[in-house]
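A.B. asks: I'd like to ask you about the structure that follows.
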Amino acid sequence: MNKFFCADNSRQLQEDIIGTATNYQTYILVECPTPWTYEAFNSKWVPDNLRILVEEVKRAKRPICFLLIANDQSQRVKETTLLIYQQQKGLIKGYSKQEFKLPNIEKAAGVVSKWLAGFNTDYEIESQISRDILICTHGSHDQCCARYGNPFYFSAQNTISDLQLNQVRIWKSSHFGGHRFAPTAIDFPQGRYYGILDQNTFQSILNHSGDIECFHKIYRGWGILPNPLQILEKELILRLGWDWFNYKVAGKILEKSLDNQTILGELSFEQPSGTLYTYQAKLVKDHVKTQKLKVSCHASEEVLCMKYAVSNLWLVAKKVATYS
């Protein structure tokens with residue numbers, strides 16, 4: 001019997017990966033040595049107090065994503081890195097970061113609980129790191145993340161080293177969705193999701209250079225935007241190029257048809273000069289790209305994956321910055 005690999009299947013069906021980034025207000029990333037079990041926070045190195053806290057937050061349905069992260073030093077070092085990425089309001093480029101160095105993983109639940117309650121927390125540090133890139137390697141959750149994620153992670157370390165990007169850190173990560181797009185990544189502090197990466201396209205993301213057309217294949221979307229608006233954002237990236245990553249952006253869905261087949265969306269962006277543009281677009285169900293498929297290696301049923309296309313895009317307003 002042939003083994004089913006969801007990533008191979010998705011590629012064969014030529015699934016469009018845009019619009020699959022998950023929308024969270026907060027990411028809480030806890031360094032924890034591998035191996036991780038299918039449910040990462042049941043792994044043997046995760047203390048009970050942290051596992052219980054994660055379950056409580058899930059039950060409360062707060063828009064928070066907890067992930068385990070690790071690198072090649074995680075097994076050996078005595079301290080534990082805790083990263084909290086929090087979405088800001090209004091026009092933004094991404095998430096704000098707080099970094100903590102804990103003496104051990106047992107301290108993580110207490111620090112996170114205080115942070116969630118709005119209190120000042122101990123162990124916070126100023127970090128020279130400007131970028132954290134997460135690669136899903138969680139093979140016990142889905143075999144494609146081991147098959148494609150692990151080799152990619154090791155090659156990506158060399159790519160970062162060769163480019164001498166000392167302020168970029170790369171992490172193995174527990175499952176954050178979309179294993180059928182393995183190797184899949186989240187690029188913080190932006191919070192943009194990528195998939196089907198290779199070292200050439202990874203280098204383009206790292207340097208914000210090269211052929212922007214690669215976004216047709218590798219861009220899953222921006223986690224600060226609702227899923228349909230991720231498609232509109234990609235359209236603007238392809239039009240405006242790498243400069244887009246210097247802009248502050250905000251987006252919202254204005255209208256939705258009852259059957260979800262038509263959506264009116266709006267994206268505003270501010271250039272470094274202060275000029276503000278607002279675009280609106282009509283997004284319609286893409287009948288060709290919408291298809292049923294198995295979204296993970298162990299899925300028993302196919303799921304309908306709804307895809308949209310930008311049918312109309314227009315400039316609503318342009319406000320030129322005036323400096324007195």
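As shown in the structure tokens, the chain order sets the letters A, B, ...; within each chain, residues go from 1, and ligands are also counted from 1 in the order they appear.
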Could you tell me, as a CSV table (one decimal) with C-alpha atoms, in the first residue's frame, which residues of segment 64-158 of chain A DSSP assigns to helix (DSSP H, G or I) when given the backbone?

C.D. replies:
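The new file out05.csv reads:
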```
chain,number,residue,atom,x,y,z
A,105,ILE,CA,11.1,26.0,31.4
A,106,GLU,CA,9.3,25.6,34.7
A,107,LYS,CA,9.3,29.4,35.0
A,108,ALA,CA,7.5,29.9,31.7
A,109,ALA,CA,3.9,29.4,33.0
A,110,GLY,CA,4.3,32.0,35.7
A,111,VAL,CA,5.8,34.6,33.4
A,112,VAL,CA,3.2,34.1,30.8
A,113,SER,CA,0.3,34.2,33.4
A,114,LYS,CA,1.6,37.5,34.7
A,115,TRP,CA,2.0,38.9,31.2
A,116,LEU,CA,-1.6,37.8,30.2
A,143,GLN,CA,5.1,13.2,8.6
A,144,CYS,CA,5.4,15.8,5.8
A,145,CYS,CA,6.8,18.3,8.3
A,146,ALA,CA,9.6,15.8,9.1
A,147,ARG,CA,10.1,14.8,5.5
A,148,TYR,CA,10.3,18.3,4.2
A,149,GLY,CA,10.7,20.6,7.2
A,150,ASN,CA,13.8,19.0,8.8
A,151,PRO,CA,16.1,19.0,5.8
A,152,PHE,CA,14.9,22.6,5.0
A,153,TYR,CA,15.7,23.7,8.5
A,154,PHE,CA,19.3,22.4,8.3
A,155,SER,CA,19.9,24.0,4.9
A,156,ALA,CA,18.3,27.3,6.0
A,157,GLN,CA,20.8,27.5,8.9
A,158,ASN,CA,23.6,27.4,6.3
```

A.B. asks: Give me, as a list in words, all polymer residues having an atom no more than 6 Å from segment 164-175 of chain A, counting only C-alpha atoms and skipping those fewer than 6 positions away in the same chain.

C.D. replies: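 Contacts, in chain order: Leu67, Leu68, Ile69, Ala70, Asn71, Ile129, Ser130, Arg131, Asp132, Ile133, Leu134, Ile135, Cys136, Thr137 and His138 of chain A.
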
A.B. asks: Can I get the selected residues back with all heavy atoms, as a CSV table (one decimal), in the first residue's frame?

C.D. replies:
```csv
chain,number,residue,atom,x,y,z
A,67,LEU,N,3.3,27.9,20.8
A,67,LEU,CA,4.1,27.0,20.0
A,67,LEU,C,5.3,26.6,20.8
A,67,LEU,O,5.9,27.5,21.6
A,67,LEU,CB,4.5,27.6,18.7
A,67,LEU,CG,3.4,27.9,17.7
A,67,LEU,CD1,4.0,28.7,16.5
A,67,LEU,CD2,2.8,26.6,17.2
A,68,LEU,N,5.8,25.4,20.6
A,68,LEU,CA,7.1,25.1,21.1
A,68,LEU,C,8.2,25.4,20.0
A,68,LEU,O,7.9,25.2,18.9
A,68,LEU,CB,7.2,23.6,21.5
A,68,LEU,CG,6.3,23.1,22.6
A,68,LEU,CD1,6.5,21.6,22.9
A,68,LEU,CD2,6.5,23.9,23.9
A,69,ILE,N,9.3,25.8,20.5
A,69,ILE,CA,10.4,26.1,19.5
A,69,ILE,C,11.7,25.5,20.0
A,69,ILE,O,11.8,25.2,21.2
A,69,ILE,CB,10.6,27.6,19.2
A,69,ILE,CG1,10.9,28.4,20.6
A,69,ILE,CG2,9.4,28.2,18.5
A,69,ILE,CD1,11.3,29.8,20.4
A,70,ALA,N,12.6,25.2,19.1
A,70,ALA,CA,13.9,24.6,19.5
A,70,ALA,C,14.9,24.9,18.4
A,70,ALA,O,14.6,25.1,17.3
A,70,ALA,CB,13.8,23.1,19.7
A,71,ASN,N,16.2,24.9,18.8
A,71,ASN,CA,17.3,25.0,17.9
A,71,ASN,C,18.3,23.9,18.3
A,71,ASN,O,18.1,23.1,19.2
A,71,ASN,CB,17.8,26.4,17.7
A,71,ASN,CG,18.4,26.9,19.0
A,71,ASN,OD1,18.8,26.2,19.9
A,71,ASN,ND2,18.3,28.2,19.2
A,129,ILE,N,18.5,40.4,18.3
A,129,ILE,CA,17.9,39.7,17.2
A,129,ILE,C,16.7,40.5,16.7
A,129,ILE,O,15.8,40.9,17.4
A,129,ILE,CB,17.4,38.3,17.7
A,129,ILE,CG1,18.6,37.5,18.2
A,129,ILE,CG2,16.6,37.6,16.6
A,129,ILE,CD1,19.6,37.1,17.2
A,130,SER,N,16.7,40.7,15.4
A,130,SER,CA,15.6,41.5,14.8
A,130,SER,C,14.5,40.6,14.1
A,130,SER,O,13.5,41.1,13.7
A,130,SER,CB,16.1,42.5,13.8
A,130,SER,OG,16.8,41.8,12.7
A,131,ARG,N,14.8,39.3,14.0
A,131,ARG,CA,13.9,38.5,13.2
A,131,ARG,C,14.0,37.0,13.7
A,131,ARG,O,15.1,36.5,13.9
A,131,ARG,CB,14.4,38.5,11.7
A,131,ARG,CG,13.4,38.3,10.7
A,131,ARG,CD,13.9,38.9,9.4
A,131,ARG,NE,13.1,38.4,8.3
A,131,ARG,CZ,13.5,38.6,7.0
A,131,ARG,NH1,14.6,39.2,6.7
A,131,ARG,NH2,12.7,38.2,6.0
A,132,ASP,N,12.9,36.4,13.9
A,132,ASP,CA,12.8,35.0,14.2
A,132,ASP,C,12.0,34.3,13.2
A,132,ASP,O,10.8,34.6,12.9
A,132,ASP,CB,12.0,34.9,15.6
A,132,ASP,CG,12.9,35.3,16.8
A,132,ASP,OD1,13.9,34.6,17.0
A,132,ASP,OD2,12.6,36.3,17.4
A,133,ILE,N,12.6,33.3,12.6
A,133,ILE,CA,11.9,32.5,11.5
A,133,ILE,C,11.6,31.1,12.0
A,133,ILE,O,12.6,30.4,12.5
A,133,ILE,CB,12.7,32.5,10.2
A,133,ILE,CG1,12.8,34.0,9.7
A,133,ILE,CG2,12.0,31.6,9.2
A,133,ILE,CD1,13.7,34.1,8.5
A,134,LEU,N,10.4,30.7,12.0
A,134,LEU,CA,10.0,29.4,12.5
A,134,LEU,C,9.7,28.5,11.3
A,134,LEU,O,9.0,28.8,10.4
A,134,LEU,CB,8.6,29.5,13.3
A,134,LEU,CG,8.7,29.9,14.8
A,134,LEU,CD1,9.5,31.1,15.0
A,134,LEU,CD2,7.3,30.0,15.3
A,135,ILE,N,10.3,27.3,11.4
A,135,ILE,CA,10.1,26.2,10.4
A,135,ILE,C,9.4,25.1,11.1
A,135,ILE,O,9.9,24.6,12.1
A,135,ILE,CB,11.4,25.7,9.8
A,135,ILE,CG1,12.3,26.9,9.3
A,135,ILE,CG2,11.2,24.7,8.7
A,135,ILE,CD1,11.8,27.7,8.2
A,136,CYS,N,8.2,24.6,10.6
A,136,CYS,CA,7.6,23.5,11.2
A,136,CYS,C,8.3,22.2,10.9
A,136,CYS,O,8.5,21.9,9.7
A,136,CYS,CB,6.1,23.4,10.8
A,136,CYS,SG,5.3,22.1,11.7
A,137,THR,N,8.8,21.5,12.0
A,137,THR,CA,9.5,20.2,11.8
A,137,THR,C,8.8,19.2,12.6
A,137,THR,O,9.4,18.2,13.0
A,137,THR,CB,11.0,20.4,12.3
A,137,THR,OG1,11.0,20.8,13.7
A,137,THR,CG2,11.7,21.4,11.5
A,138,HIS,N,7.5,19.4,12.9
A,138,HIS,CA,6.8,18.6,13.9
A,138,HIS,C,6.3,17.3,13.3
A,138,HIS,O,5.1,17.1,13.0
A,138,HIS,CB,5.6,19.4,14.4
A,138,HIS,CG,5.0,18.9,15.7
A,138,HIS,ND1,4.0,19.6,16.4
A,138,HIS,CD2,5.1,17.8,16.4
A,138,HIS,CE1,3.6,18.9,17.4
A,138,HIS,NE2,4.3,17.8,17.4
```

A.B. asks: One decimal, in Å: what's the spacing between atom CA of Thr26 of chain A and atom CA of Tyr219 of chain A?

C.D. replies: 20.9 Å

A.B. asks: Taking only C-alpha atoms into account, which of A:Lys3, A:Arg62, A:Lys307, A:Lys318 comes nearest Tyr277 of chain A?

C.D. replies: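 The answer is A:Lys318, which sits nearest to Tyr277 of chain A.
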
A.B. asks: Let me make sure I understand: among A:Gln280, A:Thr275, A:Leu29, A:Cys305, which one has the smallest atom-to-atom distance to Lys319 of chain A if we use only C-alpha atoms?

C.D. replies: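 The answer is A:Thr275, which sits nearest to Lys319 of chain A.
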
A.B. asks: Restricting the calculation to only C-alpha atoms, which member of A:Asn120, A:Thr201, A:Thr22, A:Ser127 is positioned closest to Gly223 of chain A?

C.D. replies: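 Checking each of A:Asn120, A:Thr201, A:Thr22, A:Ser127 against Gly223 of chain A, counting only C-alpha atoms, the winner is A:Thr22.
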
A.B. asks: Could you work out how far atom CA of Arg76 of chain A lies from atom CA of Gly177 of chain A, giving the answer in Å with one decimal?

C.D. replies: 28.3 Å

A.B. asks: As a VMD selection string, please: every residue in segment 156-282 of chain A that a backbone DSSP assignment puts in strand (DSSP E or B).

C.D. replies: chain A and resid 168 to 173 185 to 188 192 to 194 219 to 222 248 to 256 262 to 270 276 to 282

A.B. asks: Store the residues of this selection in a file with C-alpha atoms, as a CSV table (one decimal), in the first residue's frame.

C.D. replies:
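To be explicit, this is the file written out as part32.csv:
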```csv
chain,number,residue,atom,x,y,z
A,168,VAL,CA,18.2,36.5,12.1
A,169,ARG,CA,17.4,33.4,14.2
A,170,ILE,CA,15.9,30.2,12.9
A,171,TRP,CA,13.8,27.8,15.0
A,172,LYS,CA,12.3,24.4,14.6
A,173,SER,CA,8.6,24.8,15.6
A,185,ALA,CA,7.5,28.9,7.8
A,186,ILE,CA,6.4,32.0,9.8
A,187,ASP,CA,8.6,35.1,9.5
A,188,PHE,CA,8.4,37.2,12.7
A,192,ARG,CA,3.9,36.3,7.3
A,193,TYR,CA,3.5,32.7,6.4
A,194,TYR,CA,5.3,30.8,3.6
A,219,TYR,CA,3.1,33.0,-0.1
A,220,ARG,CA,0.5,31.7,2.3
A,221,GLY,CA,-0.5,35.1,3.6
A,222,TRP,CA,-0.1,37.6,6.4
A,248,LYS,CA,2.3,50.0,7.3
A,249,VAL,CA,-0.9,48.2,6.5
A,250,ALA,CA,-4.4,47.7,7.9
A,251,GLY,CA,-7.3,45.7,6.4
A,252,LYS,CA,-10.9,44.9,6.9
A,253,ILE,CA,-13.8,43.0,5.3
A,254,LEU,CA,-16.6,45.4,4.5
A,255,GLU,CA,-19.3,43.1,3.2
A,256,LYS,CA,-19.8,39.3,2.7
A,262,THR,CA,-18.4,37.2,-2.8
A,263,ILE,CA,-16.5,39.5,-0.4
A,264,LEU,CA,-15.8,43.2,-0.4
A,265,GLY,CA,-12.5,43.9,1.2
A,266,GLU,CA,-10.4,47.0,2.0
A,267,LEU,CA,-6.6,47.5,2.5
A,268,SER,CA,-5.0,50.7,3.5
A,269,PHE,CA,-1.2,51.3,3.5
A,270,GLU,CA,1.0,54.1,4.5
A,276,LEU,CA,-1.7,56.9,2.6
A,277,TYR,CA,-3.5,54.8,0.0
A,278,THR,CA,-6.8,52.9,0.4
A,279,TYR,CA,-7.8,50.2,-2.0
A,280,GLN,CA,-11.0,48.2,-2.2
A,281,ALA,CA,-11.5,44.9,-4.0
A,282,LYS,CA,-14.2,42.5,-4.9
```

A.B. asks: Pick the closest to Trp244 of chain A from A:Gln190, A:Gln271, A:Asn200, A:Asn260: which is it, counting only C-alpha atoms?

C.D. replies: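 Once distances to Trp244 of chain A are computed over only C-alpha atoms, the minimum belongs to A:Gln271.
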